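Trainee: My structure is stored as target_24.tsv, with TSV, C-alpha atoms.
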```tsv
chain	number	residue	atom	x	y	z
S	1	MET	CA	-0.04	-15.68	31.84
S	2	LYS	CA	-0.77	-11.97	32.01
S	3	GLN	CA	1.59	-11.33	29.10
S	4	ASP	CA	-0.14	-14.08	27.21
S	5	THR	CA	-3.61	-12.53	27.51
S	6	ASP	CA	-2.04	-9.14	26.80
S	7	ILE	CA	-0.91	-10.32	23.39
S	8	ARG	CA	-3.92	-12.49	22.68
S	9	PHE	CA	-6.39	-9.71	23.33
S	10	GLY	CA	-4.38	-7.04	21.51
S	11	PRO	CA	-6.80	-6.86	18.58
S	12	ILE	CA	-9.78	-6.57	20.97
S	13	ARG	CA	-8.14	-3.67	22.79
S	14	LYS	CA	-7.27	-2.03	19.50
S	15	GLY	CA	-10.84	-2.30	18.32
S	16	LEU	CA	-12.26	-0.98	21.59
S	17	LEU	CA	-9.90	2.00	21.73
S	18	GLU	CA	-12.18	3.98	19.43
S	19	PHE	CA	-15.14	3.36	21.76
S	20	LEU	CA	-13.16	4.53	24.79
S	21	VAL	CA	-11.85	7.62	23.03
S	22	LEU	CA	-15.41	8.54	22.03
S	23	LYS	CA	-16.49	8.10	25.67
S	24	ILE	CA	-13.67	10.34	26.91
S	25	VAL	CA	-14.36	13.00	24.29
S	26	GLY	CA	-18.06	12.71	25.12
S	27	SER	CA	-17.59	13.54	28.78
S	28	ARG	CA	-16.11	17.01	28.13
S	29	SER	CA	-14.05	18.94	25.60
S	30	VAL	CA	-10.52	17.53	25.80
S	31	TYR	CA	-7.12	17.86	24.18
S	32	VAL	CA	-4.85	14.96	23.39
S	33	PRO	CA	-2.82	14.87	26.64
S	34	ASP	CA	-6.13	14.67	28.57
S	35	ILE	CA	-7.10	11.59	26.57
S	36	LEU	CA	-3.67	10.00	27.05
S	37	ARG	CA	-3.88	10.65	30.79
S	38	ALA	CA	-7.37	9.18	31.07
S	39	LEU	CA	-6.17	5.99	29.38
S	40	SER	CA	-2.68	5.80	30.86
S	41	SER	CA	-3.52	3.75	33.95
S	42	THR	CA	-5.81	1.36	32.06
S	43	GLU	CA	-5.29	-1.62	29.74
S	44	PHE	CA	-5.83	0.84	26.91
S	45	ALA	CA	-2.77	3.04	27.55
S	46	THR	CA	-1.79	4.47	24.20
S	47	GLN	CA	0.42	7.04	22.52
S	48	GLU	CA	0.08	10.08	20.30
S	49	GLY	CA	1.27	8.05	17.31
S	50	THR	CA	-1.90	5.96	17.62
S	51	LEU	CA	-4.26	8.64	18.85
S	52	TYR	CA	-3.82	11.34	16.20
S	53	PRO	CA	-4.60	9.02	13.26
S	54	LEU	CA	-7.64	7.73	15.16
S	55	LEU	CA	-8.93	11.24	15.97
S	56	SER	CA	-8.44	12.26	12.36
S	57	LYS	CA	-10.47	9.26	11.22
S	58	LEU	CA	-13.26	10.07	13.72
S	59	ARG	CA	-13.28	13.65	12.51
S	60	ARG	CA	-13.58	12.57	8.89
S	61	GLU	CA	-16.50	10.41	9.93
S	62	SER	CA	-18.04	13.56	11.51
S	63	LEU	CA	-18.16	11.89	14.93
S	64	VAL	CA	-15.82	14.38	16.61
S	65	ASP	CA	-14.90	17.95	15.93
S	66	TYR	CA	-12.27	20.24	17.34
S	67	GLU	CA	-11.66	23.89	18.02
S	68	TRP	CA	-8.43	25.76	18.63
S	69	GLN	CA	-7.89	27.20	22.06
S	70	GLU	CA	-5.03	29.44	23.11
S	71	SER	CA	-2.76	28.02	25.80
S	72	ASP	CA	-0.51	29.79	28.30
S	73	ALA	CA	2.37	27.45	27.53
S	74	GLY	CA	3.14	27.10	23.85
S	75	PRO	CA	1.04	27.09	20.68
S	76	PRO	CA	-2.78	26.88	20.52
S	77	ARG	CA	-4.24	23.46	21.22
S	78	LYS	CA	-6.89	21.41	19.48
S	79	TYR	CA	-9.78	20.69	21.83
S	80	TYR	CA	-11.95	17.80	20.69
S	81	ARG	CA	-15.63	17.23	21.40
S	82	LEU	CA	-18.41	15.02	20.06
S	83	THR	CA	-20.65	16.18	17.26
S	84	GLU	CA	-24.40	15.53	17.29
S	85	SER	CA	-23.97	12.39	15.19
S	86	GLY	CA	-21.02	11.38	17.40
S	87	ARG	CA	-23.28	11.62	20.42
S	88	SER	CA	-25.98	9.38	18.96
S	89	TYR	CA	-23.34	6.97	17.64
S	90	LEU	CA	-21.80	6.74	21.13
S	91	ALA	CA	-25.24	6.09	22.63
S	92	SER	CA	-25.85	3.19	20.25
S	93	LEU	CA	-22.32	1.88	20.91
S	94	CYS	CA	-22.95	1.92	24.67
S	95	ASP	CA	-26.18	0.02	24.07
S	96	TYR	CA	-24.44	-2.50	21.89
S	97	TRP	CA	-21.65	-2.88	24.44
S	98	ALA	CA	-24.16	-3.58	27.23
S	99	ARG	CA	-25.74	-6.31	25.10
S	100	ILE	CA	-22.38	-7.88	24.24
S	101	ASN	CA	-21.45	-7.78	27.89
S	102	ARG	CA	-24.63	-9.61	28.89
S	103	THR	CA	-24.00	-12.23	26.23
S	104	VAL	CA	-20.43	-12.81	27.42
S	105	GLU	CA	-21.62	-13.09	31.01
S	106	ASN	CA	-24.43	-15.50	30.25
S	107	ILE	CA	-23.08	-17.77	27.56
S	108	GLY	CA	-21.50	-21.14	28.36
S	109	ARG	CA	-21.23	-22.72	31.72
S	110	GLU	CA	-18.61	-20.67	33.57
S	111	PRO	CA	-19.73	-17.17	34.45
S	112	CYS	CA	-16.92	-14.56	34.46
S	113	SER	CA	-17.97	-13.09	37.77
S	114	GLU	CA	-18.26	-15.61	40.58
V	1	MET	CA	31.00	19.99	16.72
V	2	GLN	CA	27.74	19.13	14.97
V	3	ARG	CA	26.20	20.79	11.97
V	4	VAL	CA	22.76	22.28	12.66
V	5	ILE	CA	19.83	21.77	10.34
V	6	THR	CA	16.74	23.94	10.46
V	7	VAL	CA	13.46	22.21	9.75
V	8	SER	CA	9.85	23.28	9.75
V	9	LEU	CA	7.61	21.30	12.09
V	10	ASN	CA	3.99	22.22	11.49
V	11	ARG	CA	5.29	25.45	9.95
V	12	ILE	CA	7.49	26.60	12.82
V	13	ALA	CA	11.28	26.52	12.45
V	14	TYR	CA	13.32	24.28	14.74
V	15	HIS	CA	17.06	23.62	14.86
V	16	PHE	CA	18.26	20.03	14.94
V	17	GLU	CA	21.72	18.55	15.24
V	18	GLU	CA	22.61	16.53	12.19
V	19	ASP	CA	22.15	13.05	13.70
V	20	ALA	CA	18.92	14.07	15.41
V	21	HIS	CA	17.69	15.44	12.09
V	22	ARG	CA	18.47	12.10	10.43
V	23	LYS	CA	16.51	10.23	13.09
V	24	LEU	CA	13.61	12.66	12.77
V	25	LYS	CA	13.54	12.16	9.02
V	26	LEU	CA	13.46	8.37	9.37
V	27	TYR	CA	10.61	8.62	11.86
V	28	LEU	CA	8.57	10.96	9.66
V	29	ASP	CA	9.26	8.83	6.56
V	30	ASP	CA	7.96	5.79	8.45
V	31	ALA	CA	4.94	7.78	9.63
V	32	THR	CA	4.18	8.90	6.07
V	33	GLN	CA	4.43	5.32	4.87
V	34	ALA	CA	2.27	3.99	7.71
V	35	LEU	CA	-0.42	6.53	6.80
V	36	ALA	CA	-0.16	5.87	3.06
V	37	ARG	CA	-3.85	4.95	2.87
V	38	HIS	CA	-5.14	7.33	5.52
V	39	PRO	CA	-7.23	10.03	3.84
V	40	GLY	CA	-6.37	12.50	6.60
V	41	ARG	CA	-2.65	11.93	6.27
V	42	ALA	CA	-1.63	15.59	5.95
V	43	GLU	CA	-3.61	16.53	9.04
V	44	VAL	CA	-2.20	13.65	11.10
V	45	LEU	CA	1.36	14.42	10.02
V	46	ALA	CA	0.88	18.04	11.07
V	47	ASP	CA	-0.41	16.85	14.46
V	48	ILE	CA	2.54	14.49	14.84
V	49	GLU	CA	5.01	17.21	13.88
V	50	GLN	CA	3.43	19.46	16.47
V	51	ALA	CA	3.65	16.70	19.09
V	52	ILE	CA	7.35	16.17	18.30
V	53	ALA	CA	8.01	19.90	18.55
V	54	ASP	CA	6.15	20.16	21.88
V	55	GLN	CA	7.88	17.11	23.35
V	56	CYS	CA	11.35	18.28	22.28
V	57	ARG	CA	10.82	21.82	23.50
V	58	ARG	CA	9.67	20.54	26.88
V	59	ARG	CA	12.87	18.50	27.15
V	60	LEU	CA	15.25	21.23	26.01
V	61	GLU	CA	17.36	22.60	28.84
V	62	PRO	CA	16.89	26.32	29.51
V	63	GLY	CA	19.14	28.40	27.30
V	64	ARG	CA	19.57	25.67	24.68
V	65	THR	CA	18.10	26.20	21.25
V	66	VAL	CA	19.33	23.18	19.28
V	67	ILE	CA	17.53	19.84	19.59
V	68	SER	CA	19.82	16.82	19.87
V	69	LEU	CA	19.22	13.08	20.12
V	70	ALA	CA	19.04	13.53	23.91
V	71	GLU	CA	15.71	15.33	23.46
V	72	LEU	CA	14.46	13.68	20.29
V	73	GLU	CA	14.87	10.03	21.23
V	74	PRO	CA	12.76	10.09	24.42
V	75	ALA	CA	10.26	12.33	22.62
V	76	LEU	CA	9.76	9.81	19.80
V	77	LEU	CA	9.56	6.98	22.31
V	78	GLU	CA	6.77	8.76	24.13
V	79	ILE	CA	4.86	9.54	20.94
V	80	GLY	CA	5.26	5.96	19.71
V	81	PRO	CA	5.07	4.62	16.18
V	82	VAL	CA	2.37	6.14	13.99
V	83	GLU	CA	-0.34	3.54	13.42
V	84	MET	CA	-3.36	3.33	11.19
V	85	PRO	CA	-6.58	3.07	13.20
V	86	SER	CA	-8.52	-0.19	12.85
V	87	ALA	CA	-11.36	-0.58	10.34
V	88	GLY	CA	-14.00	2.07	10.03
V	89	ALA	CA	-16.06	4.00	7.54
V	90	ASP	CA	-12.84	5.21	5.91
V	91	GLY	CA	-12.42	1.69	4.60
V	92	ALA	CA	-9.10	1.19	6.34
V	93	PRO	CA	-8.60	-2.54	6.68
V	94	ALA	CA	-8.40	-4.02	10.15
V	95	THR	CA	-4.97	-5.47	10.79
V	96	ASP	CA	-3.19	-6.58	13.89
V	97	GLY	CA	-0.14	-4.39	13.41
V	98	ALA	CA	1.02	-1.10	12.00
V	99	ALA	CA	3.59	-2.88	9.87
V	100	ALA	CA	0.91	-4.92	8.16
V	101	ALA	CA	-1.24	-1.85	7.61
V	102	ALA	CA	1.67	0.01	6.09
V	103	ARG	CA	2.61	-2.74	3.66
V	104	PRO	CA	1.94	-1.60	0.12
V	105	ALA	CA	-0.03	-3.73	-2.30
V	106	THR	CA	3.14	-5.26	-3.79
V	107	GLY	CA	4.22	-6.59	-0.40
V	108	LEU	CA	7.91	-6.42	-1.25
V	109	GLN	CA	9.84	-4.34	1.22
V	110	GLN	CA	13.23	-4.11	2.83
V	111	VAL	CA	13.29	-4.87	6.53
V	112	SER	CA	16.10	-3.13	8.38
V	113	GLU	CA	15.64	-4.87	11.72
V	114	GLY	CA	17.94	-7.86	11.87
V	115	ALA	CA	19.31	-7.10	8.39
V	116	TRP	CA	22.88	-7.90	7.35
V	117	ILE	CA	23.28	-5.27	4.66
V	118	SER	CA	20.21	-3.24	3.77
V	119	GLY	CA	17.43	-5.73	4.48
V	120	VAL	CA	16.64	-6.97	0.96
V	121	CYS	CA	16.95	-10.69	1.84
V	122	ASN	CA	15.21	-10.04	5.12
V	123	GLY	CA	12.31	-8.38	3.33
V	124	LEU	CA	12.09	-11.04	0.60
V	125	ALA	CA	12.05	-13.72	3.27
V	126	ARG	CA	9.24	-11.99	5.13
V	127	SER	CA	7.00	-11.46	2.11
V	128	ALA	CA	7.61	-15.01	0.80
V	129	ALA	CA	7.26	-16.44	4.33
V	130	LEU	CA	10.64	-18.16	3.97
V	131	ASP	CA	13.44	-18.57	6.45
V	132	VAL	CA	15.80	-15.63	6.05
V	133	THR	CA	18.86	-17.89	6.28
V	134	LEU	CA	17.57	-19.88	3.29
V	135	VAL	CA	17.13	-16.67	1.27
V	136	ARG	CA	20.67	-15.57	2.20
V	137	VAL	CA	22.14	-18.94	1.23
V	138	ILE	CA	20.41	-18.71	-2.15
V	139	ALA	CA	21.66	-15.13	-2.57
V	140	VAL	CA	25.26	-16.13	-1.80
V	141	LEU	CA	25.01	-19.12	-4.19
V	142	LEU	CA	23.69	-16.80	-6.90
V	143	LEU	CA	26.56	-14.44	-6.17
V	144	PHE	CA	29.01	-17.17	-7.20
V	145	VAL	CA	26.92	-18.56	-10.04
V	146	THR	CA	26.42	-15.14	-11.61
V	147	GLY	CA	30.03	-14.16	-11.13
V	148	GLY	CA	29.23	-11.12	-9.03
V	149	ALA	CA	26.28	-9.80	-11.05
V	150	MET	CA	24.21	-10.55	-7.96
V	151	ILE	CA	25.82	-7.51	-6.32
V	152	LEU	CA	24.28	-5.33	-9.01
V	153	LEU	CA	20.86	-6.94	-8.53
V	154	TYR	CA	21.14	-6.37	-4.80
V	155	ALA	CA	22.03	-2.72	-5.33
V	156	VAL	CA	19.06	-2.23	-7.66
V	157	LEU	CA	16.64	-3.88	-5.22
V	158	MET	CA	18.13	-1.87	-2.38
V	159	LEU	CA	17.45	1.36	-4.27
V	160	LEU	CA	13.98	0.38	-5.47
V	161	LEU	CA	12.26	-1.56	-2.68
V	162	PRO	CA	10.52	0.58	-0.05
V	163	TYR	CA	11.61	0.21	3.55
V	164	ALA	CA	9.26	-1.28	6.11
V	165	PRO	CA	8.70	1.17	8.99
V	166	VAL	CA	11.07	0.73	11.91
V	167	ASP	CA	9.53	0.16	15.32
V	168	PRO	CA	11.08	2.85	17.54
V	169	HIS	CA	10.54	0.60	20.57
V	170	ALA	CA	12.76	-2.10	19.14
V	171	GLN	CA	16.52	-2.25	19.59
V	172	PRO	CA	18.36	0.37	17.55
V	173	LEU	CA	19.36	-0.82	14.08
V	174	ARG	CA	22.81	-2.27	13.52
V	175	TRP	CA	25.39	0.00	11.98
V	176	LEU	CA	25.37	-1.26	8.38
V	177	PRO	CA	21.58	-1.53	7.90
V	178	SER	CA	21.07	1.91	9.38
V	179	LYS	CA	23.82	3.40	7.16
V	180	CYS	CA	22.34	1.70	4.07
V	181	ARG	CA	18.93	3.06	4.95
V	182	GLU	CA	20.24	6.58	5.35
V	183	LEU	CA	22.22	6.35	2.13
V	184	VAL	CA	19.31	5.00	0.09
V	185	LEU	CA	16.87	7.57	1.50
V	186	ALA	CA	19.38	10.35	0.76
V	187	ILE	CA	19.80	9.11	-2.83
V	188	ARG	CA	16.03	8.90	-3.27
V	189	ALA	CA	15.56	12.41	-1.90
V	190	ARG	CA	18.24	13.68	-4.29
V	191	LEU	CA	16.58	11.87	-7.20
V	192	SER	CA	13.11	13.15	-6.41
V	193	ALA	CA	14.51	16.67	-6.04
V	194	LEU	CA	16.10	16.31	-9.50
V	195	THR	CA	12.99	14.92	-11.15
V	196	GLY	CA	10.43	16.97	-9.23
```
Using C-alpha cells, write down the structure from this file.
Mentor:
Amino acid sequence: MKQDTDIRFGPIRKGLLEFLVLKIVGSRSVYVPDILRALSSTEFATQEGTLYPLLSKLRRESLVDYEWQESDAGPPRKYYRLTESGRSYLASLCDYWARINRTVENIGREPCSE
Amino acid sequence: MQRVITVSLNRIAYHFEEDAHRKLKLYLDDATQALARHPGRAEVLADIEQAIADQCRRRLEPGRTVISLAELEPALLEIGPVEMPSAGADGAPATDGAAAAARPATGLQQVSEGAWISGVCNGLARSAALDVTLVRVIAVLLLFVTGGAMILLYAVLMLLLPYAPVDPHAQPLRWLPSKCRELVLAIRARLSALTG
C-alpha cells in the first residue's frame, strides 16, 4: 500500500519539491549538499540530477541567487539564498499552502486527522 | 591494462579509464538530451560535471589518479538521472517523468532498455503505443518480403533516430544494445567532427 501511494503521489511530490527547496534556501544560505541532507530523511529525498536543473530554473526566475564561497576541501562552492522577490514569492506560497491544507482537511466527510 | 582518457569536467582535467569514460559520455549525452529545452542547460551541465568530479574524487583511493568504473558508477547513482523541473515560468511543460520531458517533438526514439539490437523496434513500439513483439514480428516479415533490404532500413534508422535517455537506476543494458549505442554515438561524434 505504501508503494502504491508512493507512485500515485509522485507528481504531487515533484510539484511540491520547488516549494520545499525555496523554504530550505529561505532559512539560510545553503549549498547543494545541505539541501540534499535536509530532504534526505523526508518523502522528498532527491538527487543532484534533479536539484541542479531546479535551482537553475529558480535562478532564471530571479527567485534565488548564489555566490561563490571558498571551501577547505576542494573547489569553491555555490551558496544559494533567496532574492527579495523569492522571499515574497515564498511568503505567498506559504499562504496558499495553508489555505490548500485547510481545504483538504475540511472537505468531504472523513477528516484526515482523527 | 586500460587506456586513459583525459576529459575536462567544468574546465578541470580528469583522467578516466576507457570504459569509465564511455559510461560518463553516455550519462552526459543523456543529461544534455534531458535538458534540451532547459534555457539554463549550460549552467546545469557545468554543475553536474562539477558534482561528478567531486563525487569521483571523494571515492578515489589515496594515491590513485585515474577514475575507473568503481568510482564513477556509484557516483552517477548518487547524482541520479538529470531531470527537467516541473512547469514554471520558463514554460517547461509539466510531465510525470524525465523520459517524457526529454522526448523531442518528433517522438521517435530508440529505446535501449530491453532492446534486441539497437532499440529501433522498441522505440517505434513505444511511440506508436504498440506491443513491441508485434513491431518485431512485422520487422522480421518485412525482412523476408524485402529480401534483406530491411537490414538497410534498420541501419539507417539506427543511425538517425535519437536515443531515449537511459535510467541509471535500471538494470545495466544488455551487451548488444549497449554496443550498438556506443557504436552509433561514436559514428555520430565522428560525423559531427567532420562536418563541424
Trainee: Which residue out of V:Ala164, V:Ile79, V:Leu194, V:Cys180 has the minimum interatomic distance to chain S when all atoms listed in the file are used?
Mentor: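 Closest to chain S, using all atoms listed in the file: V:Ile79.
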Trainee: Using all atoms listed in the file, find each residue in chain S having at least one atom no more than 12 Å away from chain V; report its shortest atom-to-atom pair and that distance in Å (one decimal), rows by chain then rising number, as a Markdown table.
Mentor:
```
| residue | atom | partner | partner_atom | distance |
| --- | --- | --- | --- | --- |
| S:Ile7 | CA | V:Asp96 | CA | 10.5 |
| S:Arg8 | CA | V:Asp96 | CA | 10.6 |
| S:Phe9 | CA | V:Asp96 | CA | 10.4 |
| S:Gly10 | CA | V:Asp96 | CA | 7.7 |
| S:Pro11 | CA | V:Asp96 | CA | 5.9 |
| S:Ile12 | CA | V:Asp96 | CA | 9.7 |
| S:Arg13 | CA | V:Ser86 | CA | 10.5 |
| S:Lys14 | CA | V:Ser86 | CA | 7.0 |
| S:Gly15 | CA | V:Ser86 | CA | 6.3 |
| S:Leu16 | CA | V:Ser86 | CA | 9.5 |
| S:Leu17 | CA | V:Pro85 | CA | 9.2 |
| S:Glu18 | CA | V:Pro85 | CA | 8.4 |
| S:Phe19 | CA | V:Ser86 | CA | 11.7 |
| S:Tyr31 | CA | V:Asp47 | CA | 11.9 |
| S:Val32 | CA | V:Ala51 | CA | 9.7 |
| S:Pro33 | CA | V:Ala51 | CA | 10.1 |
| S:Leu36 | CA | V:Ile79 | CA | 10.5 |
| S:Ser40 | CA | V:Glu78 | CA | 12.0 |
| S:Ala45 | CA | V:Gly80 | CA | 11.6 |
| S:Thr46 | CA | V:Gly80 | CA | 8.5 |
| S:Gln47 | CA | V:Ile79 | CA | 5.3 |
| S:Glu48 | CA | V:Ile79 | CA | 4.9 |
| S:Gly49 | CA | V:Val82 | CA | 4.0 |
| S:Thr50 | CA | V:Glu83 | CA | 5.1 |
| S:Leu51 | CA | V:Pro85 | CA | 8.3 |
| S:Tyr52 | CA | V:Val44 | CA | 5.8 |
| S:Pro53 | CA | V:Val44 | CA | 5.6 |
| S:Leu54 | CA | V:Pro85 | CA | 5.2 |
| S:Leu55 | CA | V:Val44 | CA | 8.6 |
| S:Ser56 | CA | V:Gly40 | CA | 6.1 |
| S:Lys57 | CA | V:Gly40 | CA | 7.0 |
| S:Leu58 | CA | V:Gly88 | CA | 8.8 |
| S:Arg59 | CA | V:Gly40 | CA | 9.2 |
| S:Arg60 | CA | V:Gly40 | CA | 7.6 |
| S:Glu61 | CA | V:Ala89 | CA | 6.9 |
| S:Ser62 | CA | V:Ala89 | CA | 10.5 |
| S:Leu63 | CA | V:Ala89 | CA | 11.0 |
| S:Ala73 | CA | V:Asp54 | CA | 10.0 |
| S:Gly74 | CA | V:Asp54 | CA | 7.8 |
| S:Pro75 | CA | V:Asp54 | CA | 8.7 |
| S:Pro76 | CA | V:Gln50 | CA | 10.5 |
| S:Arg77 | CA | V:Gln50 | CA | 9.9 |
| S:Lys78 | CA | V:Asp47 | CA | 9.4 |
```
Trainee: Could you check which of V:Val66, V:Cys121, V:Val156, V:Met1 is closest to Val140 of chain V, using only C-alpha atoms?
Mentor: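 Selected residue with least distance to Val140 of chain V: V:Cys121.
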Trainee: May I ask which of the residues S:Gly108, S:Ser29, S:Lys23, S:Thr5 is the closest one to Cys94 of chain S, counting all atoms listed in the file?
Mentor: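 Ranked by minimum distance to Cys94 of chain S, first place goes to S:Lys23.
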Trainee: To one decimal in Å, tell me the separation between atom CA of Ser68 of chain V and atom CA of Leu173 of chain V.
Mentor: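 If I compute the distance from atom CA of Ser68 of chain V to atom CA of Leu173 of chain V, I get 18.6 Å.
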Trainee: Is it possible to get the residues within 7 Å of (-17.9, 10.0, 17.0) (coordinates as in the file, counting all atoms listed in the file) written as an mmCIF file with C-alpha atoms, in the coordinates of the input?
Mentor:
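What ended up in selection-v3.cif:
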```cif
data_model
loop_
_atom_site.group_PDB
_atom_site.id
_atom_site.type_symbol
_atom_site.label_atom_id
_atom_site.label_comp_id
_atom_site.auth_asym_id
_atom_site.auth_seq_id
_atom_site.Cartn_x
_atom_site.Cartn_y
_atom_site.Cartn_z
ATOM 1 C CA LEU S 22 -15.410 8.540 22.030
ATOM 2 C CA LEU S 58 -13.260 10.070 13.720
ATOM 3 C CA SER S 62 -18.040 13.560 11.510
ATOM 4 C CA LEU S 63 -18.160 11.890 14.930
ATOM 5 C CA VAL S 64 -15.820 14.380 16.610
ATOM 6 C CA LEU S 82 -18.410 15.020 20.060
ATOM 7 C CA THR S 83 -20.650 16.180 17.260
ATOM 8 C CA SER S 85 -23.970 12.390 15.190
ATOM 9 C CA GLY S 86 -21.020 11.380 17.400
ATOM 10 C CA ARG S 87 -23.280 11.620 20.420
ATOM 11 C CA TYR S 89 -23.340 6.970 17.640
ATOM 12 C CA LEU S 90 -21.800 6.740 21.130
#
```
Trainee: Fewer than 5 positions away in the same chain doesn't count, so skip those; otherwise give me all residues within 12 Å of Ile138 of chain V, counting only C-alpha atoms, as a ChimeraX atom specification.
Mentor: /V:121,124-125,130-133,143-146,150
Trainee: Pick the closest to Glu18 of chain V from V:Arg188, V:Arg64, V:Arg174, V:Arg3: which is it, counting only C-alpha atoms?
Mentor: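 Smallest distance to Glu18 of chain V is found for V:Arg3.
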Trainee: Will you model N, CA and C atoms for segment 68-91 of chain S and pass it back as a PDB file, in the frame of the given file?
Mentor:
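For reference, out_20.pdb as written:
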```
ATOM      1  N   TRP S  68      -9.713  25.314  18.100  1.00  0.00           N
ATOM      2  CA  TRP S  68      -8.430  25.760  18.630  1.00  0.00           C
ATOM      3  C   TRP S  68      -8.658  26.598  19.869  1.00  0.00           C
ATOM      4  N   GLN S  69      -7.833  26.336  20.883  1.00  0.00           N
ATOM      5  CA  GLN S  69      -7.890  27.200  22.060  1.00  0.00           C
ATOM      6  C   GLN S  69      -6.477  27.639  22.405  1.00  0.00           C
ATOM      7  N   GLU S  70      -6.333  28.921  22.718  1.00  0.00           N
ATOM      8  CA  GLU S  70      -5.030  29.440  23.110  1.00  0.00           C
ATOM      9  C   GLU S  70      -4.573  28.754  24.394  1.00  0.00           C
ATOM     10  N   SER S  71      -3.256  28.577  24.542  1.00  0.00           N
ATOM     11  CA  SER S  71      -2.760  28.020  25.800  1.00  0.00           C
ATOM     12  C   SER S  71      -1.687  28.959  26.350  1.00  0.00           C
ATOM     13  N   ASP S  72      -1.518  28.914  27.679  1.00  0.00           N
ATOM     14  CA  ASP S  72      -0.510  29.790  28.300  1.00  0.00           C
ATOM     15  C   ASP S  72       0.890  29.320  27.942  1.00  0.00           C
ATOM     16  N   ALA S  73       1.047  27.995  27.821  1.00  0.00           N
ATOM     17  CA  ALA S  73       2.370  27.450  27.530  1.00  0.00           C
ATOM     18  C   ALA S  73       2.382  26.897  26.115  1.00  0.00           C
ATOM     19  N   GLY S  74       2.966  27.630  25.192  1.00  0.00           N
ATOM     20  CA  GLY S  74       3.140  27.100  23.850  1.00  0.00           C
ATOM     21  C   GLY S  74       2.010  27.462  22.897  1.00  0.00           C
ATOM     22  N   PRO S  75       1.977  26.758  21.757  1.00  0.00           N
ATOM     23  CA  PRO S  75       1.040  27.090  20.680  1.00  0.00           C
ATOM     24  C   PRO S  75      -0.391  26.729  21.043  1.00  0.00           C
ATOM     25  N   PRO S  76      -1.379  27.232  20.270  1.00  0.00           N
ATOM     26  CA  PRO S  76      -2.780  26.880  20.520  1.00  0.00           C
ATOM     27  C   PRO S  76      -2.991  25.378  20.446  1.00  0.00           C
ATOM     28  N   ARG S  77      -3.995  24.898  21.156  1.00  0.00           N
ATOM     29  CA  ARG S  77      -4.240  23.460  21.220  1.00  0.00           C
ATOM     30  C   ARG S  77      -5.581  23.121  20.567  1.00  0.00           C
ATOM     31  N   LYS S  78      -5.640  21.900  20.040  1.00  0.00           N
ATOM     32  CA  LYS S  78      -6.890  21.410  19.480  1.00  0.00           C
ATOM     33  C   LYS S  78      -7.698  20.776  20.606  1.00  0.00           C
ATOM     34  N   TYR S  79      -8.892  21.304  20.847  1.00  0.00           N
ATOM     35  CA  TYR S  79      -9.780  20.690  21.830  1.00  0.00           C
ATOM     36  C   TYR S  79     -10.886  19.937  21.086  1.00  0.00           C
ATOM     37  N   TYR S  80     -10.982  18.653  21.396  1.00  0.00           N
ATOM     38  CA  TYR S  80     -11.950  17.800  20.690  1.00  0.00           C
ATOM     39  C   TYR S  80     -13.241  17.673  21.479  1.00  0.00           C
ATOM     40  N   ARG S  81     -14.344  17.554  20.753  1.00  0.00           N
ATOM     41  CA  ARG S  81     -15.630  17.230  21.400  1.00  0.00           C
ATOM     42  C   ARG S  81     -16.485  16.460  20.403  1.00  0.00           C
ATOM     43  N   LEU S  82     -17.551  15.824  20.934  1.00  0.00           N
ATOM     44  CA  LEU S  82     -18.410  15.020  20.060  1.00  0.00           C
ATOM     45  C   LEU S  82     -19.325  15.926  19.246  1.00  0.00           C
ATOM     46  N   THR S  83     -19.626  15.503  18.051  1.00  0.00           N
ATOM     47  CA  THR S  83     -20.650  16.180  17.260  1.00  0.00           C
ATOM     48  C   THR S  83     -21.999  15.559  17.627  1.00  0.00           C
ATOM     49  N   GLU S  84     -23.068  16.098  17.055  1.00  0.00           N
ATOM     50  CA  GLU S  84     -24.400  15.530  17.290  1.00  0.00           C
ATOM     51  C   GLU S  84     -24.422  14.061  16.880  1.00  0.00           C
ATOM     52  N   SER S  85     -23.914  13.776  15.667  1.00  0.00           N
ATOM     53  CA  SER S  85     -23.970  12.390  15.190  1.00  0.00           C
ATOM     54  C   SER S  85     -23.018  11.517  16.019  1.00  0.00           C
ATOM     55  N   GLY S  86     -21.920  12.112  16.519  1.00  0.00           N
ATOM     56  CA  GLY S  86     -21.020  11.380  17.400  1.00  0.00           C
ATOM     57  C   GLY S  86     -21.728  10.964  18.678  1.00  0.00           C
ATOM     58  N   ARG S  87     -22.563  11.883  19.172  1.00  0.00           N
ATOM     59  CA  ARG S  87     -23.280  11.620  20.420  1.00  0.00           C
ATOM     60  C   ARG S  87     -24.269  10.456  20.234  1.00  0.00           C
ATOM     61  N   SER S  88     -25.002  10.468  19.134  1.00  0.00           N
ATOM     62  CA  SER S  88     -25.980   9.380  18.960  1.00  0.00           C
ATOM     63  C   SER S  88     -25.249   8.067  18.640  1.00  0.00           C
ATOM     64  N   TYR S  89     -24.114   8.179  17.923  1.00  0.00           N
ATOM     65  CA  TYR S  89     -23.340   6.970  17.640  1.00  0.00           C
ATOM     66  C   TYR S  89     -22.821   6.363  18.944  1.00  0.00           C
ATOM     67  N   LEU S  90     -22.318   7.231  19.847  1.00  0.00           N
ATOM     68  CA  LEU S  90     -21.800   6.740  21.130  1.00  0.00           C
ATOM     69  C   LEU S  90     -22.913   6.070  21.935  1.00  0.00           C
ATOM     70  N   ALA S  91     -24.118   6.684  21.899  1.00  0.00           N
ATOM     71  CA  ALA S  91     -25.240   6.090  22.630  1.00  0.00           C
ATOM     72  C   ALA S  91     -25.544   4.689  22.121  1.00  0.00           C
TER      73      ALA S  91
END
```
